[in-house]
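Colleague: Sharing a structure here in structure tokens format.
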Amino acid sequence: MAVCARLCGVGPARGCRRRGAAREQRRGAAGDSEPDTDTDPEEAGGGGAAEDEEAAERIEGGRPVPHPAEAGPAGRAPLSLLELPPELLVQIFGSLPGTELPSLARVCTTFRRILRTDTIWRRRCREEYGLCENLRKLEITGVSCRDVYAKLLHRYRHILGLWQPDIGPYGGLLNVVVDGLFIIGWMYLPPHDPHVDDPMRFKPLFRIHLMERKCATVECMYGHKGPHNGHIQIVKKDEFSTKCNQTDHHRMSGGRQEEFRTWLREEWGRTLEDIFHEHMQELILMKFIYTSQYDNCLTYRRIYLPPSSPDDLIKPGLFKGTYGSHGLEIVMLSFHGKKAKGTKITGDPNIPAGQQTVEIDLAHPLQLPDVENLRDFSELSRIVLEVQEQVRREEQEEEQRQDDGDRSPHSSSQAATKSPGEGADGEGTAAGAEGMPQDKAPASQPFVLPMGVISRNKDYPRTCRICFYGTGLIAGHGFTSPERTPGVFVLFDDDRFGFIWLELKSFSLYSRIKVSFQNAEAPSREAFDEMLKNIQSLFS
């Protein structure tokens, strides 16, 4: 009676004659308004065999027909949801989030019967998960849209999005998506070295789908023998693991040698005989031995795409970059006030995944010399080292101001009167360059690499927009003796930038990954910054 009172807007003290009369007529069905305690979407609209038979008799054209006792008297507006036409209730229920429908099914068996209508669940599959497949063909296998929603989409919703596998220093990029009637985990791989502008490659590592009306089936897709039995465990929030239960499917008849040659063709697009550099051969063999031992039994941690701001130099996101003998790697570019950071999503034994490979000081733009003088490496080195000394001096003065701030209010006020576009010496900085109107932004200028600077990609752009002082992280094998060294960040266009490593006399070219990743937005700026800290500490 309390449930009925809430629906009709009548307090329990006054009673409800209409509902009471209906209850008298159906005294034998006393459980009609009893609440259902199960809140799983899988159970929303479920019931026993007798209830299913009764519901089937009261469905016309796929829409429930109201019980005669539930119809409101003619000539007045309905006082209860139960008096609304069933087709209208289907529309109302279909517009609610799927996670709310189990609670609705607890109200009474009338609502529970209406929630058996597949139209409701078809709409939830489409609107919540983008499932545009013709779900009517599921009728052939006896799988309903409610089964797809509850046993597949809702159950595994927490693993959708971008993830980084724990593969030691190498990392990776996994994108878990709803693909037709499957949930598939795609591993994204950079193009073959050194073709940085080519599109990303991808291969499936696992998939999840329904077999008839049973529970969802997890299959490992690793290897070359087709899908086989696998397992997924959601360890905790933002973390899950995969396990292959038939690793013999990963083996090849020719043994490890055939497996290595096949991996080499897929990973590098060449054979070992084509690679003449001995150090590069060692790095490739090391990576194969290290990564193949996991046999697709991996732990994944969620990563987010960087949030963007109208003040950003370019749109942040994921880029492919050249890293010498290590090949192409994936880097995430993000902006943090007057700093920009490039964080490795994939890595190598020298600088592992999760580390900050480059940092750009947007407060210190560089004015490059003309093309002829730019060819002289010593001239570029002189300009960069002068800015490095200026940055060091500004940092010392800032520390001194902080130490003396409480004792010397006059110096603090002097510092506060400097314009945002001035450095410690009153010189113009990139803050002013960033804030320029579009028509006053620096024009493109010719660009060429200095003599002696090595680039694996000779087809780099010959004009650039602007350059900034920056630092790059270098280290020995095993991430030993890491240090930040000066360099030059070169912005070519909205989708490409470069970095000149001064100490290494090396140049890295980066090109944007043009893939629309879903379920990858950070819930907040704080969540993104926390994610960066976590992946950096994880692979340190």
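Quick note on naming: the chains in the structure tokens go A, B, ... in the order shown, residues restart at 1 in each chain, and ligands are numbered from 1 in order of appearance.
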Hey, could you make a per-residue contact list for region 479-523 of chain A against region 314-329 of chain A with 9 Å as the cut-off, showing the nearest pair of atoms and its distance in Å to one decimal, counting only C-alpha atoms, sorted by chain and number, as a tab-separated table?

Modeller:
```
residue	atom	partner	partner_atom	distance
A:Asp493	CA	A:Ile314	CA	8.4
A:Asp494	CA	A:Ile314	CA	5.8
A:Asp495	CA	A:Ile314	CA	8.1
A:Arg496	CA	A:Phe319	CA	8.3
A:Gly498	CA	A:Gly321	CA	8.5
A:Ser506	CA	A:Gly324	CA	8.2
A:Phe507	CA	A:Thr322	CA	8.2
A:Ser508	CA	A:Thr322	CA	5.1
A:Leu509	CA	A:Gly321	CA	5.5
A:Tyr510	CA	A:Gly321	CA	4.2
A:Ser511	CA	A:Phe319	CA	5.2
A:Arg512	CA	A:Phe319	CA	4.2
A:Ile513	CA	A:Phe319	CA	5.1
A:Lys514	CA	A:Leu318	CA	8.3
```

Colleague: Just want the 8 Å neighbourhood of Pro307 (chain A), counted on only C-alpha atoms, with same-chain residues fewer than 3 positions away dropped. Output as a PyMOL selection string.

Modeller: chain A and resi 316+334+521-522+525+528

Colleague: If you keep N, CA, C and O atoms, can you produce a file of those selected residues as a compact mmCIF listing (two decimals), in the first residue's frame?

Modeller:
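What follows is the written file result27.txt:
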```txt
# COMPACT_ATOMS: atom_id res chain seq x y z
N PRO A 316 46.45 19.06 -27.06
CA PRO A 316 47.21 17.96 -26.46
C PRO A 316 46.70 16.62 -26.98
O PRO A 316 45.65 16.53 -27.59
N SER A 334 50.97 16.93 -22.91
CA SER A 334 50.00 17.61 -22.05
C SER A 334 50.55 18.97 -21.64
O SER A 334 51.77 19.17 -21.60
N GLU A 521 38.29 10.23 -21.53
CA GLU A 521 38.42 11.56 -20.95
C GLU A 521 38.63 11.46 -19.43
O GLU A 521 37.98 10.66 -18.76
N ALA A 522 39.51 12.28 -18.91
CA ALA A 522 39.74 12.31 -17.47
C ALA A 522 38.56 12.97 -16.78
O ALA A 522 38.04 13.98 -17.26
N ARG A 525 40.92 17.49 -13.89
CA ARG A 525 42.34 17.79 -14.07
C ARG A 525 43.17 17.08 -13.00
O ARG A 525 44.26 16.57 -13.25
N PHE A 528 43.72 13.46 -13.86
CA PHE A 528 44.75 13.28 -14.90
C PHE A 528 46.16 13.43 -14.30
O PHE A 528 47.05 12.62 -14.58
```

Colleague: Which one is closest to Arg155 (chain A): A:Leu88, A:Val107, A:Ile183, A:Val387? Count only C-alpha atoms.

Modeller: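 Of A:Leu88, A:Val107, A:Ile183, A:Val387, the one nearest Arg155 (chain A) is A:Ile183, counting only C-alpha atoms.
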
Colleague: To one decimal in Å, tell me the separation between CA of Tyr149 (chain A) and CA of Ala527 (chain A).

Modeller: 28.4 Å

Colleague: Find the residues around region 348-364 of chain A up to 8 Å (only C-alpha atoms counted), leave out those fewer than 3 positions away in its own chain, and share them as a short mmCIF file (atom, residue, chain, number, x, y, z; two decimals) with C-alpha atoms, in the first residue's frame.

Modeller:
```cif
data_model
loop_
_atom_site.label_atom_id
_atom_site.label_comp_id
_atom_site.auth_asym_id
_atom_site.auth_seq_id
_atom_site.Cartn_x
_atom_site.Cartn_y
_atom_site.Cartn_z
CA GLY A 168 58.30 -3.68 -17.76
CA PRO A 169 59.97 -0.73 -19.51
CA TYR A 170 58.08 -1.24 -22.78
CA GLY A 171 54.52 -0.38 -21.72
CA GLY A 172 51.89 -0.20 -24.46
CA HIS A 326 64.58 1.91 -30.21
CA LYS A 338 53.76 27.55 -18.69
CA LYS A 339 55.11 24.02 -19.07
CA ALA A 340 54.36 21.26 -21.55
CA LYS A 341 55.25 17.64 -20.84
CA GLY A 342 55.81 14.65 -23.08
CA THR A 343 55.17 11.40 -21.17
CA LYS A 344 56.09 8.02 -22.62
CA ILE A 345 53.21 5.57 -23.04
CA VAL A 387 68.82 30.42 -22.29
CA GLY A 421 55.28 38.30 -20.35
CA GLY A 423 61.20 36.97 -17.15
CA THR A 429 58.79 35.32 -22.78
CA ALA A 430 56.46 32.81 -24.39
CA ALA A 431 53.66 33.82 -22.09
CA PHE A 468 61.05 26.91 -27.22
CA TYR A 469 63.76 25.98 -24.79
CA GLY A 470 63.25 22.55 -23.28
CA THR A 471 64.93 19.63 -21.56
CA GLY A 472 65.06 15.97 -22.52
CA LEU A 473 65.55 12.96 -20.27
CA ILE A 474 68.50 10.68 -21.09
CA ALA A 475 69.82 7.66 -19.16
CA GLY A 476 71.98 4.58 -19.45
CA HIS A 477 70.66 1.07 -20.01
CA GLY A 478 68.28 0.05 -17.23
CA PHE A 479 67.39 3.70 -16.55
CA THR A 480 70.73 4.27 -14.83
CA PHE A 489 61.31 22.11 -28.97
CA LEU A 532 50.65 10.82 -14.60
CA ILE A 535 52.44 5.64 -14.19
CA GLN A 536 55.72 7.45 -13.58
CA SER A 537 56.22 5.82 -10.18
CA LEU A 538 55.09 2.44 -11.52
CA PHE A 539 57.84 2.17 -14.13
CA SER A 540 60.58 4.01 -12.25
#
```

Colleague: Applying 12 Å and only C-alpha atoms, which residues near Glu386 (chain A) remain after dropping the ones on its own chain fewer than 2 positions away? List them as a list in words.

Modeller: His364, Leu366, Gln367, Glu379, Leu380, Ser381, Arg382, Ile383, Val384, Gln388, Glu389, Gln390, Val391, Arg392, Arg393, Tyr469, Pro486 and Gly487 of chain A

Colleague: Could you please take those selected residues and save N, CA and C atoms as a PDB file, in the first residue's frame?

Modeller:
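What ended up in again.pdb:
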```
ATOM      1  N   HIS A 364      59.971  30.527 -22.363  1.00  0.00           N
ATOM      2  CA  HIS A 364      61.258  30.887 -22.972  1.00  0.00           C
ATOM      3  C   HIS A 364      61.304  30.463 -24.438  1.00  0.00           C
ATOM      4  N   LEU A 366      62.618  30.576 -28.309  1.00  0.00           N
ATOM      5  CA  LEU A 366      63.944  30.752 -28.896  1.00  0.00           C
ATOM      6  C   LEU A 366      63.821  31.417 -30.260  1.00  0.00           C
ATOM      7  N   GLN A 367      64.662  32.392 -30.490  1.00  0.00           N
ATOM      8  CA  GLN A 367      64.736  33.011 -31.810  1.00  0.00           C
ATOM      9  C   GLN A 367      65.885  32.350 -32.568  1.00  0.00           C
ATOM     10  N   GLU A 379      76.466  27.370 -33.225  1.00  0.00           N
ATOM     11  CA  GLU A 379      75.642  28.568 -33.070  1.00  0.00           C
ATOM     12  C   GLU A 379      74.341  28.239 -32.330  1.00  0.00           C
ATOM     13  N   LEU A 380      73.706  27.144 -32.724  1.00  0.00           N
ATOM     14  CA  LEU A 380      72.482  26.724 -32.028  1.00  0.00           C
ATOM     15  C   LEU A 380      72.790  26.378 -30.579  1.00  0.00           C
ATOM     16  N   SER A 381      73.888  25.687 -30.364  1.00  0.00           N
ATOM     17  CA  SER A 381      74.274  25.309 -29.006  1.00  0.00           C
ATOM     18  C   SER A 381      74.498  26.547 -28.143  1.00  0.00           C
ATOM     19  N   ARG A 382      75.121  27.585 -28.697  1.00  0.00           N
ATOM     20  CA  ARG A 382      75.371  28.817 -27.948  1.00  0.00           C
ATOM     21  C   ARG A 382      74.058  29.460 -27.503  1.00  0.00           C
ATOM     22  N   ILE A 383      73.071  29.517 -28.419  1.00  0.00           N
ATOM     23  CA  ILE A 383      71.784  30.131 -28.103  1.00  0.00           C
ATOM     24  C   ILE A 383      71.075  29.360 -26.988  1.00  0.00           C
ATOM     25  N   VAL A 384      71.067  28.051 -27.091  1.00  0.00           N
ATOM     26  CA  VAL A 384      70.363  27.225 -26.110  1.00  0.00           C
ATOM     27  C   VAL A 384      71.026  27.308 -24.741  1.00  0.00           C
ATOM     28  N   GLN A 388      69.577  28.414 -21.149  1.00  0.00           N
ATOM     29  CA  GLN A 388      69.675  27.518 -19.996  1.00  0.00           C
ATOM     30  C   GLN A 388      70.232  28.265 -18.780  1.00  0.00           C
ATOM     31  N   GLU A 389      71.245  29.081 -18.999  1.00  0.00           N
ATOM     32  CA  GLU A 389      71.824  29.866 -17.903  1.00  0.00           C
ATOM     33  C   GLU A 389      70.812  30.879 -17.382  1.00  0.00           C
ATOM     34  N   GLN A 390      70.037  31.483 -18.285  1.00  0.00           N
ATOM     35  CA  GLN A 390      69.006  32.438 -17.869  1.00  0.00           C
ATOM     36  C   GLN A 390      67.957  31.745 -17.005  1.00  0.00           C
ATOM     37  N   VAL A 391      67.527  30.543 -17.415  1.00  0.00           N
ATOM     38  CA  VAL A 391      66.533  29.791 -16.647  1.00  0.00           C
ATOM     39  C   VAL A 391      67.068  29.448 -15.272  1.00  0.00           C
ATOM     40  N   ARG A 392      68.329  29.029 -15.218  1.00  0.00           N
ATOM     41  CA  ARG A 392      68.930  28.690 -13.931  1.00  0.00           C
ATOM     42  C   ARG A 392      68.976  29.913 -13.019  1.00  0.00           C
ATOM     43  N   ARG A 393      69.312  31.060 -13.590  1.00  0.00           N
ATOM     44  CA  ARG A 393      69.389  32.296 -12.807  1.00  0.00           C
ATOM     45  C   ARG A 393      68.001  32.701 -12.294  1.00  0.00           C
ATOM     46  N   TYR A 469      62.745  26.704 -25.571  1.00  0.00           N
ATOM     47  CA  TYR A 469      63.758  25.981 -24.794  1.00  0.00           C
ATOM     48  C   TYR A 469      63.079  24.818 -24.064  1.00  0.00           C
ATOM     49  N   PRO A 486      69.654  19.974 -21.944  1.00  0.00           N
ATOM     50  CA  PRO A 486      68.982  21.016 -22.720  1.00  0.00           C
ATOM     51  C   PRO A 486      68.700  20.589 -24.151  1.00  0.00           C
ATOM     52  N   GLY A 487      67.655  21.200 -24.722  1.00  0.00           N
ATOM     53  CA  GLY A 487      67.298  20.910 -26.102  1.00  0.00           C
ATOM     54  C   GLY A 487      66.371  21.975 -26.654  1.00  0.00           C
TER      55      GLY A 487
END
```

Colleague: Tell me which of A:Gln246, A:Asn175, A:Ser80, A:Thr217 sits closest to Phe202 (chain A), counting only C-alpha atoms.

Modeller: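 For Phe202 (chain A), the nearest of the given residues is A:Asn175.
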
Colleague: I'd like to know which residues of region 87-235 of chain A are helix (DSSP H, G or I) (by DSSP, run on the backbone); could you write them as number ranges by chain?

Modeller: A: 87-94, 98-105, 109-114, 118-129, 135-140, 145-153, 157-159
